[in-house]
Structure formats: C-alpha cells, structure tokens
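Okay, so here's the structure we're looking at.
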Amino acid sequence: MGESQKHVGVLGLGRMGAALAGALLGAGHDVVVWNRSPLKAGPLLDRGARLAATPAEAASADVVLSCLSTYDTQQPVLEAASPKVLVNLTSGTPEQARDVAKWAASAGVEYVDGVIMAVPQGIGTPAAQILYSGSETTFSAQRDVLEVLGKPIFVGEDAGMAALYDLSLLAMMWSTMAGYLHALALVGTEGVTPEQFAPVASAWQAAVGGFLPRIGEQVASGDYATDVSALDINAAGLAMLVETSRAQGISTAVPAVLRELFDRAIAAGHGAHAIASVIEEIR
Ligand code: NAP
C-alpha cells in the first residue's frame with residue numbers, strides 16, 4: 001500500500017459491491033470487506049482483500065462504502081458498523097437518504113450519499129458517473145477513493161439530492177426503454193428483427209439526445225416558441241402511433257400515456273408551442 005492508498009471498508013458484496021471492492025483493489029487500496037454471505041468474498045480475497053467477520057470490523061477503515069440491496073436491509077448493518085466516514089451507495093429515495101444523514105449526524109458519522117449511474121461492469125471507468133450529495137468536506141476528503149470507482153460528481157449539501165438525480169435519470173432510462181420495447185414490438189408485427197432495427201434505433205436515439213439541451217433552455221426560460229415542431233403536430237403523430245399499434249394488435253399502453261399528456265397540454269393552450277411546454281402539465 002503506497003502513501004496515497006487508504007484503508008477502505010466495503011459493506012455488501014452483491015453485484016455492485018463486489019465491483020466497487022474490485023476497483024479499489026485494482027487501484028492498490030487496502031480493502032476490507034463484509035457480506036452477509038461471506039462465501040461471496042472469495043474472488044476478492046484471492047486479489048488481496050481481507051474478510052471482516054462483522055460490519056464493525058470492516059468499519060475500522062478510514063472510509064466505508066455501503067452497497068446493499070435496500071435502505072431497510074442496510075440500516076441495521078450501518079448501526080452495527082458505526083463507521084467514522086460513510087459513503088452510502090445503496091439506491092433509495094431522497095427521504096431515505098436524509099433519514100440516514102440524520103442518523104449519521106446523531107451517531108457522529110461523516111456522511112455522503114451516492115448513486116451509481118452505471119452497471120457493475122462499468123465501475124472503474126470514467127463512463128460510470130457517480131453522483132454524491134451531503135457533506136462536501138467529506139466528499140472532497142474522499143475524492144481520491146471515489147475517483148477510482150467512476151467519475152465523481154457532487155450535486156449538493158442536501159443528502160437527498162443524489163437520490164433525486166438518480167430517480168430523475170432513471171425516469172429517462174425507463175421511458176426510453178419502454179419506448180424502445182414498444183418500437184420493437186411494433187416493427188416485430190411485420191417480422192422485423194431486433195438485429196435489423198437496432199442500428200436505426202441507436203442512430204435515432206443519438207439524434208433525440210441532441211434535442212435535450214434546447215428543451216432544457218425552453219423549460220428554463222418558459223419561452224416555448226418553436227420554428228422546429230409544434231406540439232399539435234406531435235400529438236397528431238402520437239394519435240397515429242396509438243391507432244397503428246391497435247391495428248397491428250399490440251398494446252397501446254406506452255403511447256397512450258404520452259397521448260393523454262400531450263392532449264392535456266394542447267387543451268391548456270400549448271398546441272402551437274414546442275414539446276417542452278408539456279412540462280407545464282407534468283408540474
Ligand atoms: P445484489 O447483487 O442483489 O446484492 C445485494 C446485496 O445486499 C448483497 O450483498 C446481499 O447480501 C445484501 N443483502 C440483501 N439483503 C440483506 C440483508 N437483509 N442483510 C444484509 N445484507 C443483505 O444487488 P446489487 O446489484 O449489488 O445492488 C446493490 C445496490 O446497488 C442496490 O441499492 C442497487 O439499486 C444499487 N445499484 C445497482 C446497480 C446494478 O446495475 N447492479 C446499478 C446502480 C445501483 P447477500 O450476498 O448475503 O445476499
């Protein structure tokens with residue numbers, strides 16, 4: 001262990017916790033791990049990690065990362081561990097993160113909440129954005145460790161902010177995936193395979209991603225004037241999508257939700273405005 005290396009504890013060796021511990025070992029940190037099922041630690045022990053018999057043993061480290069399935073399963077483990085410095089990478093709601101921050105403050109634990117915008121295979125690469133909130137002092141002090149896991153981004157002193165970003169980004173991911181699955185089902189009614197459709201869909205997804213900055217500007221300014229595409233034209237297209245989905249014999253559930261939202265925005269007077277105006281109905 002070099003001078004810049006730290007003693008890091010990892011609580012939880014599921015798919016994600018094991019990836020976190022593996023990246024830390026790869027960077028030369030002194031890693032001590034704990035998991036309810038200790039056998040899962042085997043591959044990490046082969047790479048030089050030490051196995052703690054209890055959460056408290058792992059919590060003697062300079063900094064402890066926790067990554068368990070839920071906050072409910074995590075809290076008894078945290079209370080048993082009582083670390084000095086905790087980076088909580090278990091996914092939850094903003095309220096849950098704030099509750100842990102309150103517990104940490106009362107227990108004298110330095111606390112940062114984190115959310116991982118990556119799959120385990122992406123851990124340790126700059127493509128893995130990991131968002132943090134809570135104590136900025138603690139975040140800065142542990143930045144060397146956090147940089148090993150992915151690209152660290154601090155989003156605010158309110159411990160709930162990382163979870164709020166997480167759920168907002170997941171809203172985008174799940175909507176995109178549902179739209180893609182609807183598209184695959186629709187082209188599939190005429191025998192188009194996912195292999196045939198995927199290249200066209202990927203290029204289209206990249207083009208749609210290019211619309212995001214402009215939509216953000218319109219939402220920020222509240223100026224929904226457009227010379228690109230008005231909401232009523234998009235709503236007409238959406239009606240065609242619902243009708244064609246029905247005619248081809250597949251569920252209309254995904255586009256129907258959007259159609260209802262677009263129609264409400266038009267009824268509220270946004271027909272000539274950009275799609276960004278739909279946010280007024282969502283709010
Ligand atoms: P996982 O593979 O199912 O692992 C769950 C972990 O929680 C295991 O260490 C498990 O221990 C532990 N656990 C469950 N119930 C427990 C209990 N009652 N007491 C003590 N330990 C318990 O899940 P994962 O994919 O690693 O996800 C962990 C967290 O990372 C979740 O909050 C998830 O939302 C978040 N996350 C995951 C991904 C991903 O792609 N996987 C991406 C972003 C965020 P055992 O091994 O003993 O069962």
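Starting from 1 in every chain, residues are counted up; chains themselves are A, B, ... following the order of the structure tokens, and ligands are numbered from 1 as listed.
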Check every protein, DNA and RNA residue against ligand 1, keep those with an atom at most 6 Å away (counting only C-alpha atoms and all ligand atoms), and present them as a PyMOL selection string.
chain A and resi 12-17+35-37+67-70+73+90-91+116-120
Would you export the selected residues with all heavy atoms as a short mmCIF file (atom, residue, chain, number, x, y, z; two decimals), in the first residue's frame, please?
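result-v1.cif, written as the output of this step:
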```cif
data_model
loop_
_atom_site.label_atom_id
_atom_site.label_comp_id
_atom_site.auth_asym_id
_atom_site.auth_seq_id
_atom_site.Cartn_x
_atom_site.Cartn_y
_atom_site.Cartn_z
N GLY A 12 -21.26 -5.13 1.85
CA GLY A 12 -22.15 -5.59 0.78
C GLY A 12 -21.34 -6.00 -0.44
O GLY A 12 -20.65 -5.18 -1.02
N LEU A 13 -21.42 -7.28 -0.77
CA LEU A 13 -20.68 -7.81 -1.93
C LEU A 13 -21.65 -8.46 -2.92
O LEU A 13 -21.44 -9.59 -3.37
CB LEU A 13 -19.62 -8.82 -1.48
CG LEU A 13 -18.54 -8.28 -0.56
CD1 LEU A 13 -17.60 -9.40 -0.15
CD2 LEU A 13 -17.75 -7.14 -1.22
N GLY A 14 -22.73 -7.75 -3.21
CA GLY A 14 -23.60 -8.19 -4.31
C GLY A 14 -22.89 -7.84 -5.61
O GLY A 14 -21.68 -7.60 -5.63
N ARG A 15 -23.63 -7.79 -6.69
CA ARG A 15 -23.02 -7.50 -8.00
C ARG A 15 -22.27 -6.17 -7.96
O ARG A 15 -21.14 -6.05 -8.42
CB ARG A 15 -24.10 -7.45 -9.07
CG ARG A 15 -24.74 -8.79 -9.34
CD ARG A 15 -25.98 -8.66 -10.19
NE ARG A 15 -26.75 -9.90 -10.21
CZ ARG A 15 -27.64 -10.25 -9.28
NH1 ARG A 15 -27.88 -9.45 -8.26
NH2 ARG A 15 -28.28 -11.39 -9.36
N MET A 16 -22.91 -5.15 -7.39
CA MET A 16 -22.29 -3.82 -7.40
C MET A 16 -21.20 -3.69 -6.34
O MET A 16 -20.12 -3.17 -6.62
CB MET A 16 -23.38 -2.75 -7.19
CG MET A 16 -22.89 -1.35 -7.37
SD MET A 16 -22.06 -1.08 -8.96
CE MET A 16 -23.44 -0.70 -10.02
N GLY A 17 -21.47 -4.16 -5.12
CA GLY A 17 -20.48 -4.04 -4.05
C GLY A 17 -19.18 -4.75 -4.43
O GLY A 17 -18.08 -4.25 -4.18
N ASN A 35 -19.78 -9.19 4.05
CA ASN A 35 -21.03 -9.51 3.38
C ASN A 35 -21.79 -10.52 4.23
O ASN A 35 -21.18 -11.35 4.92
CB ASN A 35 -20.75 -10.12 1.99
CG ASN A 35 -22.00 -10.11 1.11
OD1 ASN A 35 -22.64 -9.07 0.97
ND2 ASN A 35 -22.34 -11.25 0.54
N ARG A 36 -23.13 -10.42 4.19
CA ARG A 36 -23.95 -11.37 4.95
C ARG A 36 -23.57 -12.81 4.59
O ARG A 36 -23.47 -13.66 5.47
CB ARG A 36 -25.44 -11.11 4.63
CG ARG A 36 -26.37 -12.07 5.32
CD ARG A 36 -27.80 -11.77 4.97
NE ARG A 36 -28.09 -11.91 3.53
CZ ARG A 36 -29.29 -11.82 3.00
NH1 ARG A 36 -30.33 -11.55 3.77
NH2 ARG A 36 -29.46 -11.96 1.70
N SER A 37 -23.38 -13.05 3.30
CA SER A 37 -22.94 -14.39 2.85
C SER A 37 -21.45 -14.30 2.55
O SER A 37 -21.06 -13.87 1.46
CB SER A 37 -23.69 -14.80 1.59
OG SER A 37 -25.07 -14.52 1.71
N CYS A 67 -23.09 -0.84 0.09
CA CYS A 67 -23.86 -1.09 -1.12
C CYS A 67 -24.68 -2.36 -0.93
O CYS A 67 -24.26 -3.44 -1.32
CB CYS A 67 -22.93 -1.19 -2.34
SG CYS A 67 -23.86 -1.15 -3.89
N LEU A 68 -25.83 -2.19 -0.27
CA LEU A 68 -26.73 -3.31 -0.01
C LEU A 68 -27.98 -3.13 -0.87
O LEU A 68 -28.13 -2.11 -1.55
CB LEU A 68 -27.07 -3.37 1.47
CG LEU A 68 -25.84 -3.60 2.36
CD1 LEU A 68 -26.17 -3.40 3.82
CD2 LEU A 68 -25.26 -4.98 2.14
N SER A 69 -28.86 -4.12 -0.82
CA SER A 69 -29.98 -4.07 -1.77
C SER A 69 -30.91 -2.89 -1.50
O SER A 69 -31.30 -2.19 -2.44
CB SER A 69 -30.74 -5.39 -1.76
OG SER A 69 -30.97 -5.82 -0.46
N THR A 70 -31.27 -2.65 -0.25
CA THR A 70 -32.19 -1.54 0.06
C THR A 70 -31.77 -0.84 1.35
O THR A 70 -30.98 -1.39 2.14
CB THR A 70 -33.64 -2.07 0.30
OG1 THR A 70 -33.62 -2.90 1.46
CG2 THR A 70 -34.17 -2.85 -0.89
N THR A 73 -32.62 -3.00 4.45
CA THR A 73 -31.65 -4.05 4.81
C THR A 73 -30.35 -3.42 5.30
O THR A 73 -29.61 -4.03 6.08
CB THR A 73 -31.35 -4.98 3.61
OG1 THR A 73 -30.90 -4.19 2.52
CG2 THR A 73 -32.55 -5.77 3.19
N THR A 90 -26.06 2.64 -1.62
CA THR A 90 -27.30 1.89 -1.81
C THR A 90 -28.35 2.83 -2.41
O THR A 90 -28.44 3.98 -2.00
CB THR A 90 -27.78 1.34 -0.45
OG1 THR A 90 -26.79 0.44 0.04
CG2 THR A 90 -29.12 0.65 -0.54
N SER A 91 -29.11 2.34 -3.38
CA SER A 91 -30.13 3.20 -4.01
C SER A 91 -31.35 3.36 -3.12
O SER A 91 -31.79 2.39 -2.51
CB SER A 91 -30.59 2.58 -5.34
OG SER A 91 -29.51 2.40 -6.21
N ILE A 116 -25.14 5.42 -8.18
CA ILE A 116 -24.26 4.91 -9.24
C ILE A 116 -25.05 4.86 -10.55
O ILE A 116 -26.01 4.10 -10.66
CB ILE A 116 -23.76 3.50 -8.86
CG1 ILE A 116 -23.00 3.55 -7.54
CG2 ILE A 116 -22.90 2.92 -9.98
CD1 ILE A 116 -22.66 2.19 -6.96
N MET A 117 -24.63 5.65 -11.52
CA MET A 117 -25.32 5.66 -12.81
C MET A 117 -24.52 4.76 -13.78
O MET A 117 -23.98 5.21 -14.79
CB MET A 117 -25.43 7.09 -13.36
CG MET A 117 -26.05 8.11 -12.41
SD MET A 117 -27.56 7.58 -11.56
CE MET A 117 -28.66 7.22 -12.90
N ALA A 118 -24.42 3.51 -13.42
CA ALA A 118 -23.64 2.56 -14.23
C ALA A 118 -24.02 1.15 -13.80
O ALA A 118 -24.60 0.96 -12.73
CB ALA A 118 -22.14 2.77 -14.00
N VAL A 119 -23.66 0.18 -14.62
CA VAL A 119 -23.79 -1.22 -14.24
C VAL A 119 -22.45 -1.67 -13.64
O VAL A 119 -21.44 -0.97 -13.82
CB VAL A 119 -24.20 -2.10 -15.46
CG1 VAL A 119 -25.59 -1.73 -15.94
CG2 VAL A 119 -23.18 -2.01 -16.58
N PRO A 120 -22.43 -2.80 -12.93
CA PRO A 120 -21.18 -3.20 -12.26
C PRO A 120 -19.99 -3.27 -13.23
O PRO A 120 -18.87 -2.92 -12.85
CB PRO A 120 -21.52 -4.59 -11.70
CG PRO A 120 -23.00 -4.54 -11.47
CD PRO A 120 -23.56 -3.71 -12.57
#
```
With only C-alpha atoms as the counted atoms, please give the residues lying no more than 9 Å from region 102-115 of chain A, apart from itself and same-chain residues fewer than 2 positions off, as a ChimeraX atom specification.
/A:79,82-92,97-100,117,129-136,138-139,154,157,159-163,165-166
Taking only residues of region 108-145 of chain A that have an atom at most 8 Å from an atom of region 19-26 of chain A, what is each one's shortest atom pair and its distance in Å to one decimal, using only C-alpha atoms, in chain and number order, as a Markdown table?
```
| residue | atom | partner | partner_atom | distance |
| --- | --- | --- | --- | --- |
| A:Pro120 | CA | A:Ala19 | CA | 5.5 |
| A:Gln121 | CA | A:Ala19 | CA | 7.2 |
| A:Ile123 | CA | A:Ala19 | CA | 6.3 |
| A:Gly124 | CA | A:Ala23 | CA | 5.6 |
| A:Val145 | CA | A:Leu24 | CA | 7.5 |
```
Filtering to C-alpha atoms, could you give me those residues as a CSV table (one decimal), in the first residue's frame?
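As written to disk, result01.csv reads:
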```csv
chain,number,residue,atom,x,y,z
A,120,PRO,CA,-21.2,-3.2,-12.3
A,121,GLN,CA,-19.1,-3.8,-15.4
A,123,ILE,CA,-17.3,0.5,-12.4
A,124,GLY,CA,-13.7,1.8,-12.6
A,145,VAL,CA,-11.1,6.9,-3.3
```
Counting only C-alpha atoms, the option among A:Gln74, A:Leu238, A:Ser140, A:Ser251 closest to Pro152 (chain A)
A:Ser140
A:Gly269, A:Val254, A:Ile153, A:Arg47: which is nearest Met177 (chain A), counting only C-alpha atoms?
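Going through A:Gly269, A:Val254, A:Ile153, A:Arg47 one by one, the smallest distance to Met177 (chain A) is for A:Val254.
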Report the closest atom pair, with its distance in Å rounded to one decimal, for each residue of region 108-215 of chain A that has an atom no farther than 12 Å from region 5-8 of chain A; count only C-alpha atoms, sort by chain and then rising residue number, and write it as JSON lines.
```
{"residue": "A:Ala141", "atom": "CA", "partner": "A:Lys6", "partner_atom": "CA", "distance": 11.5}
{"residue": "A:Gln142", "atom": "CA", "partner": "A:Lys6", "partner_atom": "CA", "distance": 9.5}
{"residue": "A:Arg143", "atom": "CA", "partner": "A:Lys6", "partner_atom": "CA", "distance": 11.5}
{"residue": "A:Asp144", "atom": "CA", "partner": "A:Gln5", "partner_atom": "CA", "distance": 8.8}
{"residue": "A:Val145", "atom": "CA", "partner": "A:Lys6", "partner_atom": "CA", "distance": 7.7}
{"residue": "A:Leu146", "atom": "CA", "partner": "A:Val8", "partner_atom": "CA", "distance": 10.8}
{"residue": "A:Val148", "atom": "CA", "partner": "A:Gln5", "partner_atom": "CA", "distance": 11.1}
```
Writing out the chosen residues with all heavy atoms as a PDB file, in the first residue's frame:
```pdb
ATOM      1  N   ALA A 141     -12.592  15.201   0.850  1.00  0.00           N
ATOM      2  CA  ALA A 141     -11.539  14.446   1.547  1.00  0.00           C
ATOM      3  C   ALA A 141     -11.417  13.020   0.997  1.00  0.00           C
ATOM      4  O   ALA A 141     -10.341  12.425   1.058  1.00  0.00           O
ATOM      5  CB  ALA A 141     -11.843  14.422   3.043  1.00  0.00           C
ATOM      6  N   GLN A 142     -12.521  12.475   0.479  1.00  0.00           N
ATOM      7  CA  GLN A 142     -12.503  11.081  -0.004  1.00  0.00           C
ATOM      8  C   GLN A 142     -12.440  11.002  -1.520  1.00  0.00           C
ATOM      9  O   GLN A 142     -12.559   9.923  -2.099  1.00  0.00           O
ATOM     10  CB  GLN A 142     -13.755  10.333   0.505  1.00  0.00           C
ATOM     11  CG  GLN A 142     -13.900  10.321   1.999  1.00  0.00           C
ATOM     12  CD  GLN A 142     -12.667   9.757   2.707  1.00  0.00           C
ATOM     13  OE1 GLN A 142     -11.939   8.934   2.156  1.00  0.00           O
ATOM     14  NE2 GLN A 142     -12.419  10.219   3.927  1.00  0.00           N
ATOM     15  N   ARG A 143     -12.234  12.130  -2.172  1.00  0.00           N
ATOM     16  CA  ARG A 143     -12.287  12.182  -3.631  1.00  0.00           C
ATOM     17  C   ARG A 143     -11.316  11.183  -4.284  1.00  0.00           C
ATOM     18  O   ARG A 143     -11.639  10.547  -5.293  1.00  0.00           O
ATOM     19  CB  ARG A 143     -11.955  13.607  -4.104  1.00  0.00           C
ATOM     20  CG  ARG A 143     -12.481  13.857  -5.465  1.00  0.00           C
ATOM     21  CD  ARG A 143     -12.140  15.228  -6.007  1.00  0.00           C
ATOM     22  NE  ARG A 143     -12.529  15.166  -7.385  1.00  0.00           N
ATOM     23  CZ  ARG A 143     -13.637  15.682  -7.880  1.00  0.00           C
ATOM     24  NH1 ARG A 143     -14.431  16.395  -7.127  1.00  0.00           N
ATOM     25  NH2 ARG A 143     -13.960  15.503  -9.135  1.00  0.00           N
ATOM     26  N   ASP A 144     -10.130  11.020  -3.689  1.00  0.00           N
ATOM     27  CA  ASP A 144      -9.144  10.093  -4.260  1.00  0.00           C
ATOM     28  C   ASP A 144      -9.697   8.673  -4.337  1.00  0.00           C
ATOM     29  O   ASP A 144      -9.483   7.960  -5.316  1.00  0.00           O
ATOM     30  CB  ASP A 144      -7.833  10.138  -3.452  1.00  0.00           C
ATOM     31  CG  ASP A 144      -8.036   9.934  -1.951  1.00  0.00           C
ATOM     32  OD1 ASP A 144      -9.189  10.035  -1.479  1.00  0.00           O
ATOM     33  OD2 ASP A 144      -7.054   9.663  -1.249  1.00  0.00           O
ATOM     34  N   VAL A 145     -10.457   8.264  -3.325  1.00  0.00           N
ATOM     35  CA  VAL A 145     -11.056   6.928  -3.323  1.00  0.00           C
ATOM     36  C   VAL A 145     -12.229   6.888  -4.321  1.00  0.00           C
ATOM     37  O   VAL A 145     -12.359   5.956  -5.113  1.00  0.00           O
ATOM     38  CB  VAL A 145     -11.555   6.563  -1.903  1.00  0.00           C
ATOM     39  CG1 VAL A 145     -12.415   5.314  -1.919  1.00  0.00           C
ATOM     40  CG2 VAL A 145     -10.360   6.384  -0.968  1.00  0.00           C
ATOM     41  N   LEU A 146     -13.040   7.928  -4.309  1.00  0.00           N
ATOM     42  CA  LEU A 146     -14.241   7.935  -5.157  1.00  0.00           C
ATOM     43  C   LEU A 146     -13.884   7.967  -6.639  1.00  0.00           C
ATOM     44  O   LEU A 146     -14.608   7.413  -7.473  1.00  0.00           O
ATOM     45  CB  LEU A 146     -15.150   9.117  -4.784  1.00  0.00           C
ATOM     46  CG  LEU A 146     -15.547   9.174  -3.300  1.00  0.00           C
ATOM     47  CD1 LEU A 146     -16.476  10.352  -3.023  1.00  0.00           C
ATOM     48  CD2 LEU A 146     -16.193   7.870  -2.841  1.00  0.00           C
ATOM     49  N   VAL A 148     -11.638   6.379  -8.076  1.00  0.00           N
ATOM     50  CA  VAL A 148     -11.313   5.025  -8.525  1.00  0.00           C
ATOM     51  C   VAL A 148     -12.573   4.319  -9.056  1.00  0.00           C
ATOM     52  O   VAL A 148     -12.503   3.464  -9.941  1.00  0.00           O
ATOM     53  CB  VAL A 148     -10.716   4.213  -7.340  1.00  0.00           C
ATOM     54  CG1 VAL A 148     -10.599   2.744  -7.681  1.00  0.00           C
ATOM     55  CG2 VAL A 148      -9.380   4.802  -6.924  1.00  0.00           C
TER      56      VAL A 148
END
```
Mind pulling up the distance from CA of Gln96 (chain A) to CA of Ala18 (chain A)?
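Separation between CA of Ala18 (chain A) and CA of Gln96 (chain A): 23.3 Å.
Taking CA of Gln218 (chain A) as the reference point, CA of Ile275 (chain A) is found at 9.5 Å.
Take the candidates A:Leu149, A:Leu164, A:Leu39, A:Ala272 and check each one against Ala27 (chain A) using only C-alpha atoms; the shortest distance goes to A:Leu149.
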Which is closer to Ser221 (chain A) than all the others in A:Leu78, A:Ser277, A:Asp46, A:Val10, using only C-alpha atoms?
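Comparing A:Leu78, A:Ser277, A:Asp46, A:Val10 against Ser221 (chain A), the winner is A:Ser277.
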